[in-house]
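**Q** Sharing entry12.cif, mmCIF, C-alpha atoms:
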```
data_query
loop_
_atom_site.group_PDB
_atom_site.id
_atom_site.type_symbol
_atom_site.label_atom_id
_atom_site.label_comp_id
_atom_site.auth_asym_id
_atom_site.auth_seq_id
_atom_site.Cartn_x
_atom_site.Cartn_y
_atom_site.Cartn_z
ATOM 1 C CA MET A 1 -24.102 -17.104 -79.880
ATOM 2 C CA LYS A 2 -27.385 -16.223 -81.443
ATOM 3 C CA ILE A 3 -29.947 -19.032 -81.602
ATOM 4 C CA SER A 4 -32.808 -18.951 -84.063
ATOM 5 C CA LYS A 5 -36.147 -18.513 -82.306
ATOM 6 C CA PHE A 6 -37.599 -21.256 -84.489
ATOM 7 C CA ILE A 7 -34.937 -23.772 -83.364
ATOM 8 C CA TYR A 8 -35.487 -22.710 -79.733
ATOM 9 C CA ALA A 9 -39.245 -23.258 -80.034
ATOM 10 C CA ALA A 10 -38.686 -26.689 -81.556
ATOM 11 C CA VAL A 11 -36.302 -27.731 -78.779
ATOM 12 C CA VAL A 12 -38.622 -26.480 -76.007
ATOM 13 C CA GLY A 13 -41.589 -28.134 -77.664
ATOM 14 C CA GLY A 14 -39.712 -31.430 -77.842
ATOM 15 C CA VAL A 15 -38.779 -31.241 -74.178
ATOM 16 C CA LEU A 16 -42.366 -30.485 -73.140
ATOM 17 C CA ALA A 17 -43.694 -33.301 -75.285
ATOM 18 C CA SER A 18 -41.164 -35.637 -73.688
ATOM 19 C CA CYS A 19 -42.228 -34.556 -70.197
ATOM 20 C CA GLN A 20 -45.894 -35.079 -71.018
ATOM 21 C CA SER A 21 -45.240 -38.566 -72.317
ATOM 22 C CA VAL A 22 -43.493 -39.437 -69.032
ATOM 23 C CA ASP A 23 -45.973 -37.779 -66.647
ATOM 24 C CA THR A 24 -49.277 -38.799 -68.290
ATOM 25 C CA PRO A 25 -50.221 -42.420 -67.457
ATOM 26 C CA MET A 26 -51.801 -44.586 -70.124
ATOM 27 C CA PHE A 27 -55.211 -46.126 -69.343
ATOM 28 C CA SER A 28 -54.623 -49.882 -69.344
ATOM 29 C CA ASP A 29 -57.202 -52.395 -70.576
ATOM 30 C CA LYS A 30 -57.004 -54.128 -67.209
ATOM 31 C CA ASP A 31 -58.431 -50.951 -65.641
ATOM 32 C CA ALA A 32 -61.479 -50.839 -67.958
ATOM 33 C CA PHE A 33 -64.822 -50.867 -66.178
ATOM 34 C CA VAL A 34 -68.558 -50.690 -66.841
ATOM 35 C CA ALA A 35 -70.998 -48.562 -64.852
ATOM 36 C CA PHE A 36 -74.322 -46.785 -64.968
ATOM 37 C CA ASP A 37 -74.156 -43.130 -65.947
ATOM 38 C CA SER A 38 -76.289 -42.192 -62.938
ATOM 39 C CA LYS A 39 -77.119 -43.648 -59.524
ATOM 40 C CA SER A 40 -80.816 -42.986 -60.075
ATOM 41 C CA THR A 41 -83.219 -42.888 -62.991
ATOM 42 C CA SER A 42 -86.782 -41.545 -63.147
ATOM 43 C CA ILE A 43 -89.304 -42.783 -65.714
ATOM 44 C CA ALA A 44 -92.755 -41.279 -66.267
ATOM 45 C CA GLU A 45 -95.470 -43.919 -66.108
ATOM 46 C CA ASN A 46 -97.058 -42.416 -69.223
ATOM 47 C CA ALA A 47 -93.809 -42.191 -71.225
ATOM 48 C CA GLY A 48 -95.542 -44.146 -73.982
ATOM 49 C CA SER A 49 -92.437 -45.986 -75.183
ATOM 50 C CA GLU A 50 -89.405 -47.805 -73.885
ATOM 51 C CA VAL A 51 -86.781 -45.813 -71.984
ATOM 52 C CA LYS A 52 -83.071 -46.454 -72.458
ATOM 53 C CA ILE A 53 -80.939 -46.723 -69.322
ATOM 54 C CA PRO A 54 -77.288 -46.404 -70.435
ATOM 55 C CA VAL A 55 -74.422 -48.548 -69.196
ATOM 56 C CA SER A 56 -71.020 -47.245 -70.302
ATOM 57 C CA LEU A 57 -67.716 -48.991 -70.900
ATOM 58 C CA VAL A 58 -64.905 -46.773 -69.665
ATOM 59 C CA ALA A 59 -61.714 -47.713 -71.510
ATOM 60 C CA SER A 60 -59.088 -46.220 -73.796
ATOM 61 C CA LYS A 61 -60.630 -48.081 -76.740
ATOM 62 C CA GLY A 62 -63.385 -50.518 -77.616
ATOM 63 C CA LEU A 63 -63.071 -53.974 -76.041
ATOM 64 C CA ASP A 64 -64.746 -57.364 -76.328
ATOM 65 C CA VAL A 65 -66.299 -57.486 -72.863
ATOM 66 C CA SER A 66 -69.671 -58.193 -71.287
ATOM 67 C CA VAL A 67 -71.575 -57.676 -68.058
ATOM 68 C CA GLY A 68 -74.728 -59.162 -66.628
ATOM 69 C CA PHE A 69 -77.549 -57.342 -64.863
ATOM 70 C CA GLU A 70 -80.398 -58.227 -62.545
ATOM 71 C CA ILE A 71 -83.470 -56.441 -61.243
ATOM 72 C CA ASP A 72 -83.864 -56.361 -57.467
ATOM 73 C CA THR A 73 -86.845 -55.093 -55.437
ATOM 74 C CA THR A 74 -85.658 -56.260 -52.009
ATOM 75 C CA ALA A 75 -85.266 -52.718 -50.694
ATOM 76 C CA TYR A 76 -88.890 -51.893 -51.575
ATOM 77 C CA ALA A 77 -90.662 -55.086 -50.510
ATOM 78 C CA GLY A 78 -94.065 -54.486 -48.941
ATOM 79 C CA LYS A 79 -93.933 -50.805 -49.762
ATOM 80 C CA ASN A 80 -93.541 -49.596 -53.335
ATOM 81 C CA ALA A 81 -91.795 -52.385 -55.200
ATOM 82 C CA ALA A 82 -92.327 -52.321 -58.966
ATOM 83 C CA LYS A 83 -93.676 -55.509 -60.531
ATOM 84 C CA GLU A 84 -92.676 -56.709 -63.972
ATOM 85 C CA GLY A 85 -95.729 -57.094 -66.193
ATOM 86 C CA VAL A 86 -97.733 -54.767 -63.934
ATOM 87 C CA ASN A 87 -95.617 -51.591 -63.732
ATOM 88 C CA TYR A 88 -93.060 -52.185 -66.476
ATOM 89 C CA ARG A 89 -91.757 -54.557 -69.145
ATOM 90 C CA LEU A 90 -88.089 -55.426 -69.598
ATOM 91 C CA LYS A 91 -87.483 -55.244 -73.357
ATOM 92 C CA ASN A 92 -83.962 -56.725 -73.465
ATOM 93 C CA THR A 93 -83.919 -60.249 -74.852
ATOM 94 C CA SER A 94 -80.993 -61.158 -72.605
ATOM 95 C CA ASN A 95 -79.752 -60.174 -69.157
ATOM 96 C CA THR A 96 -76.246 -59.725 -70.569
ATOM 97 C CA LEU A 97 -74.887 -56.563 -72.166
ATOM 98 C CA SER A 98 -72.095 -57.075 -74.691
ATOM 99 C CA PHE A 99 -69.490 -54.639 -75.999
ATOM 100 C CA THR A 100 -67.242 -55.239 -79.000
ATOM 101 C CA ALA A 101 -63.803 -53.927 -79.941
ATOM 102 C CA ASP A 102 -65.182 -52.156 -83.006
ATOM 103 C CA GLY A 103 -68.562 -51.198 -81.542
ATOM 104 C CA GLU A 104 -70.156 -48.571 -79.312
ATOM 105 C CA MET A 105 -68.880 -48.045 -75.783
ATOM 106 C CA VAL A 106 -72.389 -47.776 -74.371
ATOM 107 C CA ALA A 107 -75.153 -50.368 -74.113
ATOM 108 C CA TYR A 108 -78.711 -49.985 -72.890
ATOM 109 C CA ILE A 109 -81.189 -51.640 -70.566
ATOM 110 C CA LEU A 110 -84.635 -51.054 -72.065
ATOM 111 C CA ILE A 111 -87.578 -50.445 -69.734
ATOM 112 C CA GLU A 112 -91.128 -49.875 -70.988
ATOM 113 C CA PRO A 113 -93.397 -48.419 -68.267
ATOM 114 C CA ILE A 114 -97.013 -49.569 -68.081
ATOM 115 C CA ASP A 115 -99.578 -46.793 -67.635
ATOM 116 C CA ASN A 116 -102.173 -48.096 -65.186
ATOM 117 C CA ASP A 117 -104.458 -46.818 -62.431
ATOM 118 C CA TYR A 118 -102.997 -44.967 -59.481
ATOM 119 C CA ASN A 119 -100.771 -47.065 -57.225
ATOM 120 C CA GLY A 120 -98.122 -44.507 -56.328
ATOM 121 C CA ASP A 121 -94.533 -44.263 -57.452
ATOM 122 C CA VAL A 122 -92.837 -47.653 -57.631
ATOM 123 C CA CYS A 123 -89.148 -48.533 -57.605
ATOM 124 C CA PHE A 124 -86.626 -51.209 -58.381
ATOM 125 C CA ASP A 125 -82.852 -51.463 -58.484
ATOM 126 C CA ILE A 126 -80.795 -52.678 -61.442
ATOM 127 C CA LYS A 127 -77.477 -54.211 -60.444
ATOM 128 C CA LEU A 128 -74.602 -55.019 -62.760
ATOM 129 C CA SER A 129 -72.824 -58.310 -62.079
ATOM 130 C CA ALA A 130 -70.454 -60.932 -63.470
ATOM 131 C CA PRO A 131 -68.282 -58.696 -65.655
ATOM 132 C CA GLU A 132 -66.139 -60.501 -68.224
ATOM 133 C CA GLY A 133 -63.003 -58.824 -69.518
ATOM 134 C CA CYS A 134 -63.566 -55.702 -67.400
ATOM 135 C CA ASN A 135 -64.372 -54.501 -63.892
ATOM 136 C CA LEU A 136 -67.437 -53.020 -62.217
ATOM 137 C CA GLY A 137 -67.335 -49.261 -61.662
ATOM 138 C CA ALA A 138 -68.560 -47.443 -58.557
ATOM 139 C CA ASN A 139 -72.008 -46.899 -60.110
ATOM 140 C CA TYR A 140 -72.779 -50.593 -60.568
ATOM 141 C CA THR A 141 -76.319 -50.066 -59.215
ATOM 142 C CA THR A 142 -79.009 -47.617 -60.281
ATOM 143 C CA THR A 143 -82.392 -47.028 -58.656
ATOM 144 C CA VAL A 144 -85.270 -46.723 -61.100
ATOM 145 C CA THR A 145 -88.420 -44.861 -60.057
ATOM 146 C CA ILE A 146 -91.545 -45.107 -62.192
ATOM 147 C CA SER A 147 -93.505 -41.926 -61.441
ATOM 148 C CA ASP A 148 -97.262 -42.382 -61.282
ATOM 149 C CA ASP A 149 -99.152 -39.856 -63.428
ATOM 150 C CA ASP A 150 -102.515 -40.563 -61.808
ATOM 151 C CA HIS A 151 -101.859 -39.052 -58.386
ATOM 152 C CA PRO A 152 -105.170 -37.741 -56.989
ATOM 153 C CA LEU A 153 -103.559 -34.498 -55.809
ATOM 154 C CA ALA A 154 -102.321 -33.877 -59.350
ATOM 155 C CA ALA A 155 -105.816 -34.560 -60.681
ATOM 156 C CA ALA A 156 -107.189 -32.141 -58.075
ATOM 157 C CA GLY A 157 -104.834 -29.454 -59.379
ATOM 158 C CA ILE A 158 -102.877 -29.050 -56.136
ATOM 159 C CA LEU A 159 -99.409 -30.183 -57.186
ATOM 160 C CA GLY A 160 -97.241 -27.821 -59.226
ATOM 161 C CA LYS A 161 -95.279 -24.572 -59.196
ATOM 162 C CA TYR A 162 -96.779 -21.401 -57.738
ATOM 163 C CA ASN A 163 -96.042 -17.699 -57.662
ATOM 164 C CA ALA A 164 -96.398 -16.681 -54.023
ATOM 165 C CA SER A 165 -96.979 -13.207 -52.614
ATOM 166 C CA GLY A 166 -97.576 -11.621 -49.237
ATOM 167 C CA ALA A 167 -97.396 -8.259 -47.472
ATOM 168 C CA ASN A 168 -94.214 -7.633 -45.508
ATOM 169 C CA PRO A 169 -95.249 -7.454 -41.797
ATOM 170 C CA PHE A 170 -92.083 -5.591 -40.807
ATOM 171 C CA GLU A 171 -91.558 -2.906 -43.451
ATOM 172 C CA GLY A 172 -94.738 -2.890 -45.536
ATOM 173 C CA GLY A 173 -94.944 -3.493 -49.270
ATOM 174 C CA MET A 174 -95.501 -6.730 -51.164
ATOM 175 C CA GLN A 175 -93.071 -9.619 -51.403
ATOM 176 C CA ASN A 176 -92.978 -12.172 -54.202
ATOM 177 C CA TRP A 177 -91.296 -15.552 -54.404
ATOM 178 C CA THR A 178 -91.720 -19.010 -55.916
ATOM 179 C CA CYS A 179 -92.978 -22.119 -54.167
ATOM 180 C CA GLU A 180 -93.535 -25.635 -55.463
ATOM 181 C CA VAL A 181 -96.113 -28.006 -53.978
ATOM 182 C CA VAL A 182 -94.901 -31.584 -54.389
ATOM 183 C CA LYS A 183 -96.337 -34.962 -53.448
ATOM 184 C CA ASP A 184 -95.147 -37.049 -50.519
ATOM 185 C CA ALA A 185 -93.275 -40.227 -51.378
ATOM 186 C CA ASP A 186 -95.361 -42.386 -49.035
ATOM 187 C CA TYR A 187 -98.663 -40.693 -48.130
ATOM 188 C CA VAL A 188 -101.213 -39.798 -50.784
ATOM 189 C CA ASP A 189 -102.843 -37.088 -48.645
ATOM 190 C CA ARG A 190 -99.652 -35.162 -47.882
ATOM 191 C CA VAL A 191 -97.845 -32.415 -49.778
ATOM 192 C CA TRP A 192 -94.608 -30.483 -49.279
ATOM 193 C CA PHE A 193 -94.214 -26.725 -49.742
ATOM 194 C CA THR A 194 -90.653 -26.059 -50.939
ATOM 195 C CA GLN A 195 -90.651 -22.460 -49.645
ATOM 196 C CA ILE A 196 -93.641 -21.251 -47.705
ATOM 197 C CA VAL A 197 -92.140 -17.884 -46.668
ATOM 198 C CA PRO A 198 -90.454 -15.081 -48.640
ATOM 199 C CA ALA A 199 -86.691 -15.201 -49.037
ATOM 200 C CA ALA A 200 -84.297 -13.555 -46.580
ATOM 201 C CA ASN A 201 -80.625 -12.810 -47.177
ATOM 202 C CA GLY A 202 -78.450 -15.733 -46.105
ATOM 203 C CA ALA A 203 -81.387 -18.047 -45.439
ATOM 204 C CA THR A 204 -81.585 -21.634 -46.665
ATOM 205 C CA TYR A 205 -85.091 -23.066 -46.509
ATOM 206 C CA LYS A 206 -86.429 -26.579 -46.032
ATOM 207 C CA SER A 207 -89.746 -27.896 -47.293
ATOM 208 C CA VAL A 208 -92.668 -28.125 -44.868
ATOM 209 C CA MET A 209 -95.457 -30.685 -44.879
ATOM 210 C CA GLY A 210 -99.212 -30.218 -45.097
ATOM 211 C CA THR A 211 -102.131 -32.655 -44.914
ATOM 212 C CA VAL A 212 -104.806 -32.332 -47.614
ATOM 213 C CA SER A 213 -108.476 -32.721 -46.703
ATOM 214 C CA ALA A 214 -110.570 -35.505 -48.250
ATOM 215 C CA ASP A 215 -112.418 -32.994 -50.452
ATOM 216 C CA PHE A 216 -109.128 -31.373 -51.622
ATOM 217 C CA ARG A 217 -110.340 -27.929 -50.503
ATOM 218 C CA SER A 218 -107.926 -27.285 -47.658
ATOM 219 C CA ILE A 219 -104.437 -28.144 -46.413
ATOM 220 C CA THR A 220 -103.570 -28.244 -42.710
ATOM 221 C CA ILE A 221 -100.001 -27.137 -41.943
ATOM 222 C CA ASN A 222 -98.576 -27.614 -38.455
ATOM 223 C CA ALA A 223 -96.421 -24.931 -36.844
ATOM 224 C CA GLY A 224 -93.014 -25.713 -35.395
ATOM 225 C CA GLN A 225 -91.664 -27.485 -38.471
ATOM 226 C CA ASP A 226 -87.977 -27.066 -39.262
ATOM 227 C CA LEU A 227 -87.698 -24.328 -41.912
ATOM 228 C CA GLY A 228 -83.938 -24.359 -42.373
ATOM 229 C CA THR A 229 -81.303 -21.831 -41.310
ATOM 230 C CA ALA A 230 -80.391 -18.155 -41.566
ATOM 231 C CA GLY A 231 -76.698 -17.777 -40.904
ATOM 232 C CA GLU A 232 -76.033 -19.223 -37.450
ATOM 233 C CA TYR A 233 -79.729 -19.372 -36.566
ATOM 234 C CA THR A 234 -82.260 -22.191 -36.881
ATOM 235 C CA LEU A 235 -85.633 -21.320 -38.399
ATOM 236 C CA SER A 236 -89.014 -22.672 -37.379
ATOM 237 C CA LEU A 237 -92.447 -22.275 -38.989
ATOM 238 C CA ASP A 238 -94.601 -19.939 -36.875
ATOM 239 C CA PHE A 239 -98.220 -18.908 -37.455
ATOM 240 C CA ASN A 240 -98.133 -16.027 -34.951
ATOM 241 C CA GLY A 241 -98.302 -18.464 -32.041
ATOM 242 C CA ALA A 242 -101.044 -20.742 -33.439
ATOM 243 C CA SER A 243 -100.397 -24.493 -33.496
ATOM 244 C CA SER A 244 -101.398 -24.790 -37.138
ATOM 245 C CA ALA A 245 -102.851 -22.953 -40.112
ATOM 246 C CA THR A 246 -105.382 -23.984 -42.744
ATOM 247 C CA ALA A 247 -104.607 -23.170 -46.346
ATOM 248 C CA GLN A 248 -107.676 -22.840 -48.576
ATOM 249 C CA VAL A 249 -107.501 -24.344 -52.072
ATOM 250 C CA SER A 250 -109.630 -22.991 -54.923
ATOM 251 C CA ASN A 251 -109.172 -22.839 -58.711
ATOM 252 C CA GLY A 252 -105.394 -22.958 -58.765
ATOM 253 C CA THR A 253 -104.938 -20.682 -55.744
ATOM 254 C CA ILE A 254 -103.741 -21.608 -52.255
ATOM 255 C CA SER A 255 -104.411 -18.990 -49.556
ATOM 256 C CA ILE A 256 -103.044 -18.896 -45.996
ATOM 257 C CA ASN A 257 -104.985 -16.147 -44.253
ATOM 258 C CA THR A 258 -102.768 -15.645 -41.218
ATOM 259 C CA TYR A 259 -99.272 -14.462 -40.361
ATOM 260 C CA VAL A 260 -96.573 -16.841 -41.593
ATOM 261 C CA PHE A 261 -93.108 -16.388 -40.049
ATOM 262 C CA ALA A 262 -89.693 -17.990 -40.387
ATOM 263 C CA ALA A 263 -89.100 -17.631 -36.655
ATOM 264 C CA ILE A 264 -85.567 -17.646 -35.226
ATOM 265 C CA VAL A 265 -85.486 -20.428 -32.642
ATOM 266 C CA GLU A 266 -82.601 -18.966 -30.645
ATOM 267 C CA GLN A 267 -84.239 -15.525 -30.222
ATOM 268 C CA THR A 268 -87.859 -15.447 -29.071
ATOM 269 C CA GLY A 269 -89.934 -12.879 -30.934
ATOM 270 C CA TYR A 270 -87.558 -12.539 -33.898
ATOM 271 C CA ALA A 271 -88.104 -13.761 -37.444
ATOM 272 C CA ALA A 272 -85.850 -13.888 -40.500
ATOM 273 C CA SER A 273 -88.767 -13.349 -42.877
ATOM 274 C CA GLY A 274 -92.524 -13.577 -43.013
ATOM 275 C CA ALA A 275 -95.796 -12.399 -44.520
ATOM 276 C CA GLN A 276 -99.107 -11.145 -43.163
ATOM 277 C CA THR A 277 -100.907 -13.582 -45.426
ATOM 278 C CA VAL A 278 -99.677 -15.831 -48.252
ATOM 279 C CA THR A 279 -101.386 -16.221 -51.616
ATOM 280 C CA MET A 280 -100.075 -18.765 -54.105
ATOM 281 C CA LYS A 281 -101.220 -18.821 -57.728
ATOM 282 C CA LYS A 282 -100.348 -21.808 -59.885
ATOM 283 C CA VAL A 283 -98.139 -21.162 -62.881
ATOM 284 C CA GLU A 284 -97.099 -24.675 -63.891
ATOM 285 C CA GLU A 285 -98.261 -28.266 -63.345
#
```
Can I see the file as structure tokens?
**A**
Amino acid sequence: MKISKFIYAAVVGGVLASCQSVDTPMFSDKDAFVAFDSKSTSIAENAGSEVKIPVSLVASKGLDVSVGFEIDTTAYAGKNAAKEGVNYRLKNTSNTLSFTADGEMVAYILIEPIDNDYNGDVCFDIKLSAPEGCNLGANYTTTVTISDDDHPLAAAGILGKYNASGANPFEGGMQNWTCEVVKDADYVDRVWFTQIVPAANGATYKSVMGTVSADFRSITINAGQDLGTAGEYTLSLDFNGASSATAQVSNGTISINTYVFAAIVEQTGYAASGAQTVTMKKVEE
């Protein structure tokens, strides 16, 4: 018996639709939850206006629910705890966020950073609590960092992205790569070089630390720091046997006038990559 292809398609479509309705669970209101979109938030001290930190209601539809929030600095006490009225202002008029059945499924905690003199990056946690009509999601806490824009190493022109270059000590010719110099989270006179040596196939690099002189003209970098891995090998920072190297800083250029190797720890005398000297020229703050 010949069956019309249109009838066949309709029957198959109905069966598939029926299967989907059985296999696909419906999201129940009792499973609705609220959570931060991210576990961490960064705010520039000089943002100039309030910053919205979103809290989302995850549900199949809008609901009449609410959740409270509190600011906690316990984890940063005595170190870099942010202070309300000194580092930021909380602009919400209430410590409760409300959602409505016919409203938006996102609410905001409003933080206005205060641009003041240098005191380093400061932090606080925001914790959701006491949900009504819903649950708390996994991201019920977010860490807020207010980034200080007055860091002395930024003012000295040291921090930023650099184009690095250096002669290949093994095969000759020039090598070029990118390195960023970033501030230390705790010490104002320390920086981290994200990649101090040229790239090698299969290598994964770690940042290495340097100490900046009081006049901002030089950076001392100790040898022996963990540089990462190349395949099965561990890499270590090596200045051709010297215990340290001094990088000279001048007009947006950082110069290391000695051999710089990514030495293979497991094989004495071998390196995954390196340069005879390293010159870094700033390209971005």
**Q** Contacts of region 155-172 of chain A at 7 Å or less, counting only C-alpha atoms, minus same-chain residues fewer than 2 places along, as a list of chain:residue names?
**A** A:Asp150, A:His151, A:Pro152, A:Leu153, A:Met174, A:Gln175, A:Asn176, A:Trp177, A:Thr178, A:Cys179, A:Glu180, A:Val181, A:Val182, A:Lys183, A:Phe216, A:Gly252, A:Gly274, A:Ala275, A:Gln276, A:Thr277, A:Val278, A:Thr279, A:Met280, A:Lys281, A:Lys282, A:Val283, A:Glu284, A:Glu285
**Q** Can you give me, as a PDB file with C-alpha atoms, keeping the file's coordinate frame, the residues this file yields under the PyMOL selection byres ((chain A and resi 31) around 9)?
**A**
```
ATOM      1  CA  PHE A  27     -55.211 -46.126 -69.343  1.00  0.00           C
ATOM      2  CA  SER A  28     -54.623 -49.882 -69.344  1.00  0.00           C
ATOM      3  CA  ASP A  29     -57.202 -52.395 -70.576  1.00  0.00           C
ATOM      4  CA  LYS A  30     -57.004 -54.128 -67.209  1.00  0.00           C
ATOM      5  CA  ALA A  32     -61.479 -50.839 -67.958  1.00  0.00           C
ATOM      6  CA  PHE A  33     -64.822 -50.867 -66.178  1.00  0.00           C
ATOM      7  CA  VAL A  58     -64.905 -46.773 -69.665  1.00  0.00           C
ATOM      8  CA  ALA A  59     -61.714 -47.713 -71.510  1.00  0.00           C
ATOM      9  CA  CYS A 134     -63.566 -55.702 -67.400  1.00  0.00           C
ATOM     10  CA  ASN A 135     -64.372 -54.501 -63.892  1.00  0.00           C
TER      11      ASN A 135
END
```
**Q** Using CA of Val34 (chain A) and CA of Lys91 (chain A) as the two end points, give the distance in Å to one decimal.
**A** 20.5 Å
**Q** Can you list, as a PyMOL selection string, every protein, DNA or RNA residue that comes within 6 Å of Tyr88 (chain A) when you count only C-alpha atoms, leaving out same-chain residues fewer than 3 positions away?
**A** chain A and resi 84-85+112-114
**Q** Closest to Ala107 (chain A) among A:Ala154, A:Ile146, A:Val55, A:Ile126, using all atoms listed in the file?
**A**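 Answer, going by the shortest atom-to-atom distance: A:Val55.
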**Q** Excluding Val51 (chain A) and any residue of its chain fewer than 2 positions from it, enumerate the residues within 8 Å of it, using all atoms listed in the file, and give them as a short mmCIF file (atom, residue, chain, number, x, y, z; two decimals) with C-alpha atoms, keeping the file's coordinate frame.
**A**
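Result file is around_2.cif:
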```cif
data_model
loop_
_atom_site.label_atom_id
_atom_site.label_comp_id
_atom_site.auth_asym_id
_atom_site.auth_seq_id
_atom_site.Cartn_x
_atom_site.Cartn_y
_atom_site.Cartn_z
CA ILE A 43 -89.30 -42.78 -65.71
CA ALA A 47 -93.81 -42.19 -71.22
CA SER A 49 -92.44 -45.99 -75.18
CA ILE A 53 -80.94 -46.72 -69.32
CA LEU A 110 -84.64 -51.05 -72.06
CA ILE A 111 -87.58 -50.44 -69.73
CA GLU A 112 -91.13 -49.88 -70.99
#
```
**Q** Between A:Asp226, A:Asp215, A:Asp238, A:Glu232, which residue has the minimum interatomic distance to Ser250 (chain A), considering only C-alpha atoms?
**A**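 Looking only at the distances to Ser250 (chain A), the closest residue turns out to be A:Asp215.
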**Q** For region 201-208 of chain A, list every protein, DNA or RNA residue within 8 Å, evaluated using all atoms listed in the file, and leave out those in the same chain fewer than 3 positions away; present the list as a short mmCIF file (atom, residue, chain, number, x, y, z; two decimals) with C-alpha atoms, keeping the file's coordinate frame.
**A**
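Contents of out-v2.cif, as written:
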```
data_model
loop_
_atom_site.label_atom_id
_atom_site.label_comp_id
_atom_site.auth_asym_id
_atom_site.auth_seq_id
_atom_site.Cartn_x
_atom_site.Cartn_y
_atom_site.Cartn_z
CA TRP A 192 -94.61 -30.48 -49.28
CA PHE A 193 -94.21 -26.72 -49.74
CA THR A 194 -90.65 -26.06 -50.94
CA GLN A 195 -90.65 -22.46 -49.64
CA ILE A 196 -93.64 -21.25 -47.70
CA ILE A 221 -100.00 -27.14 -41.94
CA GLN A 225 -91.66 -27.48 -38.47
CA ASP A 226 -87.98 -27.07 -39.26
CA LEU A 227 -87.70 -24.33 -41.91
CA GLY A 228 -83.94 -24.36 -42.37
CA THR A 229 -81.30 -21.83 -41.31
CA ALA A 230 -80.39 -18.16 -41.57
CA GLY A 231 -76.70 -17.78 -40.90
CA ALA A 272 -85.85 -13.89 -40.50
#
```
**Q** For the structure shown, which residues end up in the PyMOL selection byres ((chain A and resi 67) around 9)? Put them as a list in words, please?
**A**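 Evaluating the PyMOL selection byres ((chain A and resi 67) around 9) on this file yields Val34, Val65, Ser66, Gly68, Phe69, Asn95, Thr96, Leu97, Ser98, Phe99, Leu128, Ser129, Ala130, Pro131, Glu132, Gly133, Cys134, Asn135 and Leu136 of chain A.
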**Q** Could you check which of A:Asp148, A:Leu235, A:Val106, A:Asn116 is closest to Val197 (chain A), using all atoms listed in the file?
**A** A:Leu235
**Q** Could you tell me which residues the PyMOL selection byres ((chain A and resi 100-105) around 6) grabs in this file, written as a list of chain:residue names?
**A**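 Applied to this file, the PyMOL selection byres ((chain A and resi 100-105) around 6) selects A:Ser56, A:Leu57, A:Gly62, A:Leu63, A:Asp64, A:Phe99, A:Val106.
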**Q** If I only want region 35-44 of chain A, can you write it with N, CA, C and O atoms, as a JSON list (two decimals), in the first residue's frame?
**A**
```json
[["chain", "number", "residue", "atom", "x", "y", "z"],
["A", 35, "ALA", "N", 21.50, 33.90, 41.72],
["A", 35, "ALA", "CA", 22.95, 33.76, 41.81],
["A", 35, "ALA", "C", 23.62, 34.91, 41.10],
["A", 35, "ALA", "O", 23.03, 35.57, 40.23],
["A", 36, "PHE", "N", 24.87, 35.17, 41.47],
["A", 36, "PHE", "CA", 25.69, 36.13, 40.75],
["A", 36, "PHE", "C", 26.07, 35.54, 39.40],
["A", 36, "PHE", "O", 26.24, 34.32, 39.27],
["A", 37, "ASP", "N", 26.25, 36.39, 38.40],
["A", 37, "ASP", "CA", 26.66, 35.92, 37.09],
["A", 37, "ASP", "C", 28.11, 35.45, 37.09],
["A", 37, "ASP", "O", 28.52, 34.65, 36.25],
["A", 38, "SER", "N", 28.91, 35.99, 38.02],
["A", 38, "SER", "CA", 30.34, 35.66, 38.05],
["A", 38, "SER", "C", 30.80, 35.54, 39.50],
["A", 38, "SER", "O", 30.24, 36.19, 40.39],
["A", 39, "LYS", "N", 31.83, 34.72, 39.73],
["A", 39, "LYS", "CA", 32.38, 34.56, 41.07],
["A", 39, "LYS", "C", 33.29, 35.71, 41.47],
["A", 39, "LYS", "O", 33.66, 35.84, 42.64],
["A", 40, "SER", "N", 33.66, 36.54, 40.51],
["A", 40, "SER", "CA", 34.53, 37.68, 40.82],
["A", 40, "SER", "C", 34.17, 38.86, 39.92],
["A", 40, "SER", "O", 33.72, 38.68, 38.79],
["A", 41, "THR", "N", 34.39, 40.05, 40.45],
["A", 41, "THR", "CA", 34.10, 41.28, 39.73],
["A", 41, "THR", "C", 35.23, 42.26, 39.98],
["A", 41, "THR", "O", 35.69, 42.40, 41.11],
["A", 42, "SER", "N", 35.69, 42.92, 38.93],
["A", 42, "SER", "CA", 36.75, 43.93, 39.06],
["A", 42, "SER", "C", 36.18, 45.30, 38.69],
["A", 42, "SER", "O", 35.51, 45.44, 37.66],
["A", 43, "ILE", "N", 36.47, 46.29, 39.53],
["A", 43, "ILE", "CA", 35.99, 47.65, 39.31],
["A", 43, "ILE", "C", 37.20, 48.59, 39.32],
["A", 43, "ILE", "O", 38.02, 48.54, 40.24],
["A", 44, "ALA", "N", 37.31, 49.44, 38.32],
["A", 44, "ALA", "CA", 38.39, 50.43, 38.29],
["A", 44, "ALA", "C", 38.07, 51.54, 39.29],
["A", 44, "ALA", "O", 36.94, 52.03, 39.35]]
```
